[in-house]
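**Student:** Sending over work08.cif (mmCIF, C-alpha atoms and all ligand atoms).
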data_my_file
loop_
_atom_site.group_PDB
_atom_site.id
_atom_site.type_symbol
_atom_site.label_atom_id
_atom_site.label_comp_id
_atom_site.auth_asym_id
_atom_site.auth_seq_id
_atom_site.Cartn_x
_atom_site.Cartn_y
_atom_site.Cartn_z
ATOM 1 C CA MET H 1 126.145 36.063 -84.684
ATOM 2 C CA THR H 2 129.313 36.948 -86.530
ATOM 3 C CA VAL H 3 128.727 38.138 -90.040
ATOM 4 C CA LYS H 4 130.933 36.064 -92.235
ATOM 5 C CA ASN H 5 133.162 37.302 -94.951
ATOM 6 C CA GLN H 6 131.199 37.195 -98.220
ATOM 7 C CA ASP H 7 133.826 35.005 -99.963
ATOM 8 C CA GLU H 8 133.791 32.536 -97.099
ATOM 9 C CA ILE H 9 130.025 32.339 -97.261
ATOM 10 C CA ILE H 10 129.975 31.916 -101.005
ATOM 11 C CA ASN H 11 132.550 29.132 -100.795
ATOM 12 C CA GLN H 12 130.568 27.339 -98.133
ATOM 13 C CA LEU H 13 127.294 27.636 -99.946
ATOM 14 C CA PHE H 14 128.229 26.987 -103.487
ATOM 15 C CA ASN H 15 131.413 24.927 -103.677
ATOM 16 C CA GLY H 16 129.969 21.677 -102.508
ATOM 17 C CA ALA H 17 130.278 22.258 -98.792
ATOM 18 C CA ASP H 18 127.341 21.578 -96.529
ATOM 19 C CA PRO H 19 126.348 25.212 -95.936
ATOM 20 C CA VAL H 20 124.946 24.970 -92.435
ATOM 21 C CA GLY H 21 126.205 21.606 -91.316
ATOM 22 C CA LEU H 22 122.866 19.878 -91.742
ATOM 23 C CA GLY H 23 124.006 17.068 -93.931
ATOM 24 C CA HIS H 24 122.763 18.296 -97.267
ATOM 25 C CA PRO H 25 125.715 17.861 -99.586
ATOM 26 C CA ARG H 26 125.188 18.693 -103.224
ATOM 27 C CA ARG H 27 124.024 15.862 -105.426
ATOM 28 C CA GLN H 28 126.224 14.781 -108.302
ATOM 29 C CA GLN H 29 125.980 17.413 -110.973
ATOM 30 C CA GLU H 30 125.752 14.986 -113.857
ATOM 31 C CA SER H 31 122.581 13.166 -112.993
ATOM 32 C CA TYR H 32 119.069 14.296 -113.782
ATOM 33 C CA PRO H 33 116.639 11.705 -112.459
ATOM 34 C CA SER H 34 113.793 10.467 -114.606
ATOM 35 C CA GLY H 35 110.603 12.447 -114.279
ATOM 36 C CA HIS H 36 112.505 15.689 -114.594
ATOM 37 C CA LEU H 37 110.004 18.145 -115.960
ATOM 38 C CA SER H 38 111.871 19.724 -118.811
ATOM 39 C CA GLN H 39 113.882 16.551 -119.565
ATOM 40 C CA LEU H 40 116.910 18.611 -120.536
ATOM 41 C CA PRO H 41 119.316 16.384 -122.444
ATOM 42 C CA LEU H 42 122.717 16.558 -120.800
ATOM 43 C CA PRO H 43 125.803 16.685 -122.966
ATOM 44 C CA GLY H 44 128.910 14.828 -121.913
ATOM 45 C CA VAL H 45 129.572 11.307 -120.735
ATOM 46 C CA ALA H 46 127.538 9.856 -117.893
ATOM 47 C CA GLY H 47 129.602 9.758 -114.734
ATOM 48 C CA LEU H 48 131.665 12.795 -115.646
ATOM 49 C CA PRO H 49 130.956 16.164 -114.142
ATOM 50 C CA ARG H 50 128.895 18.569 -116.195
ATOM 51 C CA SER H 51 130.961 20.983 -118.204
ATOM 52 C CA PRO H 52 131.445 24.440 -116.701
ATOM 53 C CA ALA H 53 129.215 25.879 -119.422
ATOM 54 C CA ILE H 54 126.335 23.646 -118.397
ATOM 55 C CA MET H 55 127.004 24.130 -114.704
ATOM 56 C CA ASN H 56 126.504 27.831 -115.316
ATOM 57 C CA LEU H 57 123.038 27.224 -116.667
ATOM 58 C CA PRO H 58 120.832 26.503 -113.682
ATOM 59 C CA ARG H 59 117.114 26.472 -114.340
ATOM 60 C CA PHE H 60 114.436 28.720 -112.865
ATOM 61 C CA ILE H 61 111.637 26.947 -111.022
ATOM 62 C CA ALA H 62 108.563 28.455 -109.380
ATOM 63 C CA LEU H 63 107.357 27.174 -106.006
ATOM 64 C CA ILE H 64 104.013 28.595 -104.897
ATOM 65 C CA PRO H 65 103.017 28.057 -101.254
ATOM 66 C CA ALA H 66 99.211 27.855 -101.294
ATOM 67 C CA ALA H 67 98.320 25.868 -98.203
ATOM 68 C CA GLY H 68 97.077 28.727 -96.033
ATOM 69 C CA VAL H 69 93.498 29.192 -94.839
ATOM 70 C CA GLY H 70 93.289 32.977 -95.225
ATOM 71 C CA SER H 71 92.038 33.615 -91.687
ATOM 72 C CA ARG H 72 92.392 37.417 -91.959
ATOM 73 C CA MET H 73 90.388 37.426 -95.191
ATOM 74 C CA GLY H 74 87.574 35.492 -93.566
ATOM 75 C CA THR H 75 86.077 34.162 -96.809
ATOM 76 C CA ALA H 76 84.291 30.807 -96.971
ATOM 77 C CA VAL H 77 86.974 29.393 -99.257
ATOM 78 C CA PRO H 78 90.702 29.875 -98.534
ATOM 79 C CA LYS H 79 91.556 33.281 -100.018
ATOM 80 C CA GLN H 80 93.800 31.869 -102.752
ATOM 81 C CA TYR H 81 90.657 30.351 -104.291
ATOM 82 C CA ALA H 82 88.513 33.494 -103.983
ATOM 83 C CA ALA H 83 87.426 34.812 -107.391
ATOM 84 C CA LEU H 84 89.298 37.833 -108.726
ATOM 85 C CA ALA H 85 88.617 39.252 -112.187
ATOM 86 C CA GLY H 86 86.782 36.100 -113.219
ATOM 87 C CA LYS H 87 89.017 33.357 -111.871
ATOM 88 C CA PRO H 88 90.483 32.116 -108.602
ATOM 89 C CA MET H 89 93.338 34.247 -107.291
ATOM 90 C CA ILE H 90 95.829 31.383 -107.501
ATOM 91 C CA GLN H 91 94.961 30.727 -111.123
ATOM 92 C CA HIS H 92 96.306 34.178 -112.053
ATOM 93 C CA VAL H 93 99.590 33.327 -110.339
ATOM 94 C CA MET H 94 99.887 29.856 -111.895
ATOM 95 C CA GLN H 95 99.078 31.294 -115.316
ATOM 96 C CA THR H 96 101.749 33.992 -115.044
ATOM 97 C CA PHE H 97 104.488 31.495 -114.179
ATOM 98 C CA SER H 98 103.252 28.996 -116.748
ATOM 99 C CA ASP H 99 103.302 31.742 -119.413
ATOM 100 C CA SER H 100 106.829 32.869 -118.544
ATOM 101 C CA PRO H 101 109.377 31.630 -121.072
ATOM 102 C CA LEU H 102 112.037 31.850 -118.352
ATOM 103 C CA ILE H 103 110.376 29.389 -115.976
ATOM 104 C CA ASP H 104 111.113 25.682 -116.475
ATOM 105 C CA ALA H 105 108.658 24.194 -114.003
ATOM 106 C CA VAL H 106 105.937 25.350 -111.626
ATOM 107 C CA TYR H 107 105.174 23.556 -108.347
ATOM 108 C CA VAL H 108 102.160 24.491 -106.225
ATOM 109 C CA VAL H 109 102.124 23.397 -102.571
ATOM 110 C CA ILE H 110 98.594 22.852 -101.277
ATOM 111 C CA SER H 111 97.130 21.348 -98.141
ATOM 112 C CA PRO H 112 96.676 17.558 -98.165
ATOM 113 C CA GLU H 113 92.976 18.259 -97.451
ATOM 114 C CA ASP H 114 92.551 20.777 -100.291
ATOM 115 C CA ASP H 115 89.198 20.304 -102.095
ATOM 116 C CA TYR H 116 89.530 23.199 -104.525
ATOM 117 C CA MET H 117 92.596 22.726 -106.703
ATOM 118 C CA SER H 118 91.107 19.791 -108.631
ATOM 119 C CA ALA H 119 88.494 22.152 -110.106
ATOM 120 C CA LEU H 120 91.171 24.331 -111.738
ATOM 121 C CA PRO H 121 92.397 23.705 -115.268
ATOM 122 C CA GLU H 122 95.729 21.915 -115.620
ATOM 123 C CA MET H 123 98.566 24.075 -116.863
ATOM 124 C CA PRO H 124 101.707 23.325 -118.828
ATOM 125 C CA ARG H 125 104.835 22.457 -116.805
ATOM 126 C CA THR H 126 102.835 22.697 -113.572
ATOM 127 C CA ARG H 127 102.613 20.105 -110.805
ATOM 128 C CA ILE H 128 100.573 20.089 -107.623
ATOM 129 C CA LEU H 129 102.195 18.946 -104.377
ATOM 130 C CA ARG H 130 99.832 17.994 -101.542
ATOM 131 C CA CYS H 131 102.402 18.552 -98.811
ATOM 132 C CA GLY H 132 101.451 21.869 -97.220
ATOM 133 C CA GLY H 133 102.341 22.344 -93.555
ATOM 134 C CA ALA H 134 101.101 24.312 -90.555
ATOM 135 C CA THR H 135 103.053 27.452 -91.477
ATOM 136 C CA ARG H 136 104.200 29.066 -94.703
ATOM 137 C CA GLN H 137 107.763 28.097 -93.800
ATOM 138 C CA ALA H 138 106.706 24.450 -93.354
ATOM 139 C CA SER H 139 104.844 24.477 -96.675
ATOM 140 C CA VAL H 140 107.862 25.864 -98.548
ATOM 141 C CA THR H 141 110.252 23.464 -96.806
ATOM 142 C CA ASN H 142 108.027 20.465 -97.561
ATOM 143 C CA GLY H 143 107.741 21.569 -101.178
ATOM 144 C CA LEU H 144 111.520 21.899 -101.515
ATOM 145 C CA ARG H 145 111.962 18.398 -100.072
ATOM 146 C CA ALA H 146 109.317 16.988 -102.416
ATOM 147 C CA ILE H 147 111.106 18.294 -105.520
ATOM 148 C CA GLN H 148 114.628 17.527 -104.331
ATOM 149 C CA GLN H 149 115.064 14.549 -106.645
ATOM 150 C CA SER H 150 113.687 16.458 -109.635
ATOM 151 C CA VAL H 151 115.907 19.510 -109.486
ATOM 152 C CA ASP H 152 119.573 20.295 -109.445
ATOM 153 C CA PRO H 153 120.999 21.720 -106.189
ATOM 154 C CA ASP H 154 122.019 24.872 -108.085
ATOM 155 C CA ASP H 155 118.658 25.438 -109.759
ATOM 156 C CA TRP H 156 117.072 28.724 -108.795
ATOM 157 C CA ILE H 157 113.764 28.437 -106.917
ATOM 158 C CA LEU H 158 111.388 31.408 -107.120
ATOM 159 C CA VAL H 159 109.121 31.147 -104.069
ATOM 160 C CA HIS H 160 105.976 33.189 -104.639
ATOM 161 C CA ASP H 161 102.856 33.644 -102.471
ATOM 162 C CA ALA H 162 99.623 32.441 -104.029
ATOM 163 C CA ALA H 163 98.135 35.570 -102.449
ATOM 164 C CA ARG H 164 100.092 37.949 -104.733
ATOM 165 C CA PRO H 165 98.122 37.766 -107.986
ATOM 166 C CA GLY H 166 99.589 41.048 -109.256
ATOM 167 C CA LEU H 167 102.874 39.427 -110.274
ATOM 168 C CA SER H 168 103.689 40.114 -113.925
ATOM 169 C CA LEU H 169 105.930 38.518 -116.524
ATOM 170 C CA GLU H 170 108.022 41.694 -116.454
ATOM 171 C CA LEU H 171 108.643 41.436 -112.702
ATOM 172 C CA ILE H 172 109.719 37.785 -113.038
ATOM 173 C CA GLU H 173 112.087 38.793 -115.819
ATOM 174 C CA LYS H 174 113.472 41.707 -113.804
ATOM 175 C CA LEU H 175 114.071 39.599 -110.695
ATOM 176 C CA ILE H 176 115.852 36.891 -112.675
ATOM 177 C CA ALA H 177 117.956 39.447 -114.551
ATOM 178 C CA PHE H 178 119.168 41.070 -111.330
ATOM 179 C CA VAL H 179 119.640 37.934 -109.237
ATOM 180 C CA LYS H 180 120.815 35.175 -111.586
ATOM 181 C CA ASP H 181 124.475 36.156 -111.164
ATOM 182 C CA ASP H 182 124.209 36.964 -107.466
ATOM 183 C CA PRO H 183 126.139 34.556 -105.244
ATOM 184 C CA VAL H 184 123.400 34.499 -102.607
ATOM 185 C CA GLY H 185 119.987 35.282 -104.138
ATOM 186 C CA GLY H 186 117.424 38.013 -103.830
ATOM 187 C CA LEU H 187 113.845 39.146 -103.710
ATOM 188 C CA LEU H 188 111.395 41.708 -104.984
ATOM 189 C CA ALA H 189 110.729 44.490 -102.485
ATOM 190 C CA VAL H 190 109.510 48.073 -102.520
ATOM 191 C CA PRO H 191 111.134 51.029 -100.750
ATOM 192 C CA VAL H 192 108.953 52.219 -97.867
ATOM 193 C CA VAL H 193 107.312 55.570 -98.678
ATOM 194 C CA ASP H 194 105.206 56.211 -95.573
ATOM 195 C CA THR H 195 106.426 57.786 -92.349
ATOM 196 C CA ILE H 196 106.851 54.862 -89.995
ATOM 197 C CA LYS H 197 105.792 54.942 -86.339
ATOM 198 C CA ARG H 198 106.671 52.534 -83.575
ATOM 199 C CA SER H 199 103.740 52.280 -81.170
ATOM 200 C CA ASP H 200 103.820 51.785 -77.427
ATOM 201 C CA GLY H 201 101.699 48.671 -77.956
ATOM 202 C CA HIS H 202 98.514 50.578 -77.124
ATOM 203 C CA ALA H 203 97.924 52.594 -80.292
ATOM 204 C CA HIS H 204 100.007 55.600 -79.299
ATOM 205 C CA ALA H 205 103.040 56.653 -81.314
ATOM 206 C CA GLU H 206 106.198 56.326 -79.315
ATOM 207 C CA GLN H 207 108.787 56.971 -81.994
ATOM 208 C CA THR H 208 109.190 57.795 -85.665
ATOM 209 C CA VAL H 209 111.426 55.254 -87.346
ATOM 210 C CA SER H 210 113.549 56.569 -90.190
ATOM 211 C CA ARG H 211 112.414 55.023 -93.444
ATOM 212 C CA GLU H 212 115.841 55.440 -94.944
ATOM 213 C CA HIS H 213 117.042 52.027 -96.110
ATOM 214 C CA LEU H 214 113.670 50.403 -95.277
ATOM 215 C CA TRP H 215 112.097 48.114 -97.871
ATOM 216 C CA ALA H 216 108.878 46.102 -97.705
ATOM 217 C CA ALA H 217 109.562 42.537 -98.814
ATOM 218 C CA GLN H 218 107.511 40.956 -101.589
ATOM 219 C CA THR H 219 107.846 37.711 -103.481
ATOM 220 C CA PRO H 220 109.144 35.990 -105.556
ATOM 221 C CA GLN H 221 112.177 35.335 -103.408
ATOM 222 C CA MET H 222 114.845 33.613 -105.433
ATOM 223 C CA PHE H 223 117.493 31.303 -104.000
ATOM 224 C CA ARG H 224 119.237 28.126 -105.129
ATOM 225 C CA HIS H 225 117.524 24.909 -104.104
ATOM 226 C CA ALA H 226 120.124 23.307 -101.807
ATOM 227 C CA PRO H 227 121.116 26.433 -99.851
ATOM 228 C CA LEU H 228 117.451 27.436 -99.556
ATOM 229 C CA LEU H 229 116.398 24.102 -98.119
ATOM 230 C CA SER H 230 119.305 24.128 -95.683
ATOM 231 C CA ALA H 231 118.625 27.700 -94.619
ATOM 232 C CA LEU H 232 114.923 27.073 -94.023
ATOM 233 C CA GLN H 233 115.595 23.902 -92.072
ATOM 234 C CA SER H 234 117.977 25.724 -89.762
ATOM 235 C CA SER H 235 115.729 28.735 -89.045
ATOM 236 C CA GLU H 236 112.717 28.989 -86.801
ATOM 237 C CA ASN H 237 109.744 31.326 -87.092
ATOM 238 C CA ILE H 238 110.576 33.118 -90.273
ATOM 239 C CA THR H 239 108.016 34.710 -92.557
ATOM 240 C CA ASP H 240 110.100 34.810 -95.715
ATOM 241 C CA GLU H 241 113.008 33.009 -97.321
ATOM 242 C CA ALA H 242 115.372 36.000 -97.285
ATOM 243 C CA SER H 243 115.305 36.241 -93.486
ATOM 244 C CA ALA H 244 116.621 32.680 -93.216
ATOM 245 C CA PHE H 245 119.664 33.803 -95.205
ATOM 246 C CA GLU H 246 119.986 37.090 -93.319
ATOM 247 C CA ARG H 247 120.201 35.200 -90.022
ATOM 248 C CA MET H 248 123.168 33.320 -91.421
ATOM 249 C CA GLY H 249 124.970 36.541 -92.330
ATOM 250 C CA PHE H 250 124.038 36.691 -96.016
ATOM 251 C CA LYS H 251 122.743 39.785 -97.762
ATOM 252 C CA PRO H 252 120.067 38.863 -100.335
ATOM 253 C CA ARG H 253 119.757 41.337 -103.176
ATOM 254 C CA LEU H 254 116.794 43.728 -103.101
ATOM 255 C CA VAL H 255 115.179 44.227 -106.505
ATOM 256 C CA GLU H 256 112.509 46.899 -106.794
ATOM 257 C CA GLY H 257 109.084 45.288 -107.277
ATOM 258 C CA SER H 258 105.757 47.011 -107.749
ATOM 259 C CA PRO H 259 102.824 48.065 -105.561
ATOM 260 C CA ARG H 260 100.677 45.881 -107.850
ATOM 261 C CA ASN H 261 102.432 42.845 -106.428
ATOM 262 C CA PHE H 262 100.992 43.427 -102.947
ATOM 263 C CA LYS H 263 99.785 40.551 -100.769
ATOM 264 C CA VAL H 264 96.015 40.204 -100.689
ATOM 265 C CA THR H 265 95.363 39.810 -96.968
ATOM 266 C CA LEU H 266 92.224 41.656 -95.822
ATOM 267 C CA PRO H 267 88.714 41.775 -97.379
ATOM 268 C CA GLU H 268 89.246 45.351 -98.583
ATOM 269 C CA ASP H 269 92.313 44.233 -100.569
ATOM 270 C CA MET H 270 90.132 42.279 -102.996
ATOM 271 C CA LEU H 271 88.767 45.356 -104.762
ATOM 272 C CA LEU H 272 92.217 46.851 -105.372
ATOM 273 C CA ALA H 273 93.585 43.507 -106.577
ATOM 274 C CA GLU H 274 90.675 43.208 -108.992
ATOM 275 C CA LEU H 275 91.228 46.723 -110.331
ATOM 276 C CA TYR H 276 94.897 45.963 -110.924
ATOM 277 C CA LEU H 277 94.116 42.652 -112.626
ATOM 278 C CA LYS H 278 91.522 44.257 -114.887
ATOM 279 C CA GLY H 279 94.060 46.909 -115.780
ATOM 280 C CA SER H 280 91.902 49.744 -114.537
ATOM 281 C CA ALA H 281 94.125 50.968 -111.730
HETATM 282 N N1 LIG S 1 100.730 29.531 -96.779
HETATM 283 C C1 LIG S 1 101.051 28.189 -96.901
HETATM 284 N N2 LIG S 1 100.951 27.359 -95.813
HETATM 285 C C2 LIG S 1 100.571 27.842 -94.626
HETATM 286 C C3 LIG S 1 100.284 29.220 -94.477
HETATM 287 C C4 LIG S 1 100.393 30.053 -95.577
HETATM 288 O O1 LIG S 1 101.385 27.731 -97.991
HETATM 289 N N3 LIG S 1 100.461 27.018 -93.599
HETATM 290 C C5 LIG S 1 100.774 30.390 -97.978
HETATM 291 C C6 LIG S 1 99.431 31.067 -98.240
HETATM 292 O O2 LIG S 1 98.534 30.166 -98.905
HETATM 293 C C7 LIG S 1 99.841 32.266 -99.046
HETATM 294 C C8 LIG S 1 101.259 32.583 -98.560
HETATM 295 O O3 LIG S 1 101.688 31.445 -97.810
HETATM 296 O O4 LIG S 1 99.898 31.991 -100.421
HETATM 297 C C9 LIG S 1 101.294 33.848 -97.727
HETATM 298 O O5 LIG S 1 100.591 33.646 -96.509
HETATM 299 P P1 LIG S 1 99.393 34.549 -95.964
HETATM 300 O O6 LIG S 1 99.156 35.701 -96.868
HETATM 301 O O7 LIG S 1 99.638 34.797 -94.528
HETATM 302 O O8 LIG S 1 98.134 33.573 -96.172
HETATM 303 P P2 LIG S 1 97.317 32.804 -95.063
HETATM 304 O O9 LIG S 1 98.243 32.251 -94.047
HETATM 305 O O10 LIG S 1 96.415 31.864 -95.786
HETATM 306 O O11 LIG S 1 96.438 33.990 -94.438
HETATM 307 P P3 LIG S 1 96.228 34.335 -92.886
HETATM 308 O O12 LIG S 1 97.625 34.559 -92.330
HETATM 309 O O13 LIG S 1 95.375 35.559 -92.890
HETATM 310 O O14 LIG S 1 95.559 33.134 -92.272
HETATM 311 MG MG MG S 2 99.471 33.547 -92.812
#
Could I get this structure in the form of structure tokens?
**Tutor:**
Amino acid sequence: MTVKNQDEIINQLFNGADPVGLGHPRRQQESYPSGHLSQLPLPGVAGLPRSPAIMNLPRFIALIPAAGVGSRMGTAVPKQYAALAGKPMIQHVMQTFSDSPLIDAVYVVISPEDDYMSALPEMPRTRILRCGGATRQASVTNGLRAIQQSVDPDDWILVHDAARPGLSLELIEKLIAFVKDDPVGGLLAVPVVDTIKRSDGHAHAEQTVSREHLWAAQTPQMFRHAPLLSALQSSENITDEASAFERMGFKPRLVEGSPRNFKVTLPEDMLLAELYLKGSA
């Protein structure tokens, strides 16, 4: 596809246009519906647009997809509920977001059949959404739809895997600092350090791929609510939010994350995650 001029893209996405022609115009800026988590009082007269100063103050909201089954982990419980350093993996993640002074609300997307979340302690500013889907993309999309009436179209959504318990307050702060003024959005990622091989499909190296300019994507991935929902709805088979934007010609900002924020995927990952969480690695 043609890569659009950055100004054209920015205008489409953020000046009230329907970014991808899917019928998702921005809601009126002045209205916060009841049930809004932080109940921010809005200055100005109802019916008038928010002042530019307020419009420049979008909030930061965490959305944690946690509706997977953890098939590669192979534990009896879905891996996000496996115990790590004394508590379920997802509880570390929820706690970190709940503790962050920068985060206004935390939404956790779980499977409608989830039997485990109810055993966890409730946390401030945190809500559970039982709308997980068949894929991570479906879970995130369903979560974004579920909160649509509670957030502003320009609010920043930080989508973070429940399976990355190594996220720290400092990384959240760093991501927000680097991305909050970006017209598109961005994500944590780490530059690739290994020599990368492309195989012939049968465990023989066919080619060495230059690692120059290669980054391994992490989460959180931070985009504004309305463009993110539109982008996800118009993309198929994507494994992260940034790729939905890339396919549309955008260039999400890469912010250097940390190896500690790796995704716990295989049984052998549990030990390393535990060492990191206990502060002994
Ligand atoms: N996820 C989700 N809904 C799905 C699949 C995944 O919300 N249908 C979430 C997982 O719970 C996890 C994150 O997306 O927090 C990253 O996915 P991954 O690490 O692949 O977890 P699983 O899909 O559970 O693991 P596996 O692929 O090994 O089955
Ligand atoms: Mg998966």
**Student:** List all protein, DNA and RNA residues that have at least one atom no more than 7 Å from any atom of ligand LIG 1 (chain S), counting all atoms listed in the file, and write them as a PyMOL selection string.
**Tutor:** chain H and resi 64-73+78-80+109-110+132-136+138-140+161-163+263-265
**Student:** Quick one, how far is atom CA of H:Gln148 from atom CA of H:His225?
**Tutor:** 7.9 Å
**Student:** Quick one: everything within 9 Å of H:Leu84, counting only C-alpha atoms, minus sequence neighbours fewer than 5 positions away in the same chain. Send it as number ranges by chain.
**Tutor:** H: 89, 92, 165, 270-271, 273-274, 277
**Student:** Quick one: residues within 7 Å of H:Leu232, all atoms listed in the file counted, chain neighbours fewer than 4 positions away excluded, as a list in words?
**Tutor:**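 The filter keeps Thr141, Leu228 and Ala244 of chain H.
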**Student:** Return the single residue from H:Gln137, H:Gln218, H:Thr96, H:Thr126 that is closest to ligand MG 2 (chain S), with distances computed using all atoms listed in the file.
**Tutor:**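 Looking only at the distances to ligand MG 2 (chain S), the closest residue turns out to be H:Gln137.
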**Student:** Out of H:Pro124, H:Pro191, H:Pro101, H:Gly249, which residue has the shortest atom-to-atom distance to H:Ala231 when counting all atoms listed in the file?
**Tutor:**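 Smallest separation from H:Ala231 among the options: H:Gly249.
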**Student:** I'd like the interatomic distance between atom CA of H:Arg125 and atom CA of H:Ser98, to a tenth of an Å.
**Tutor:** 6.7 Å
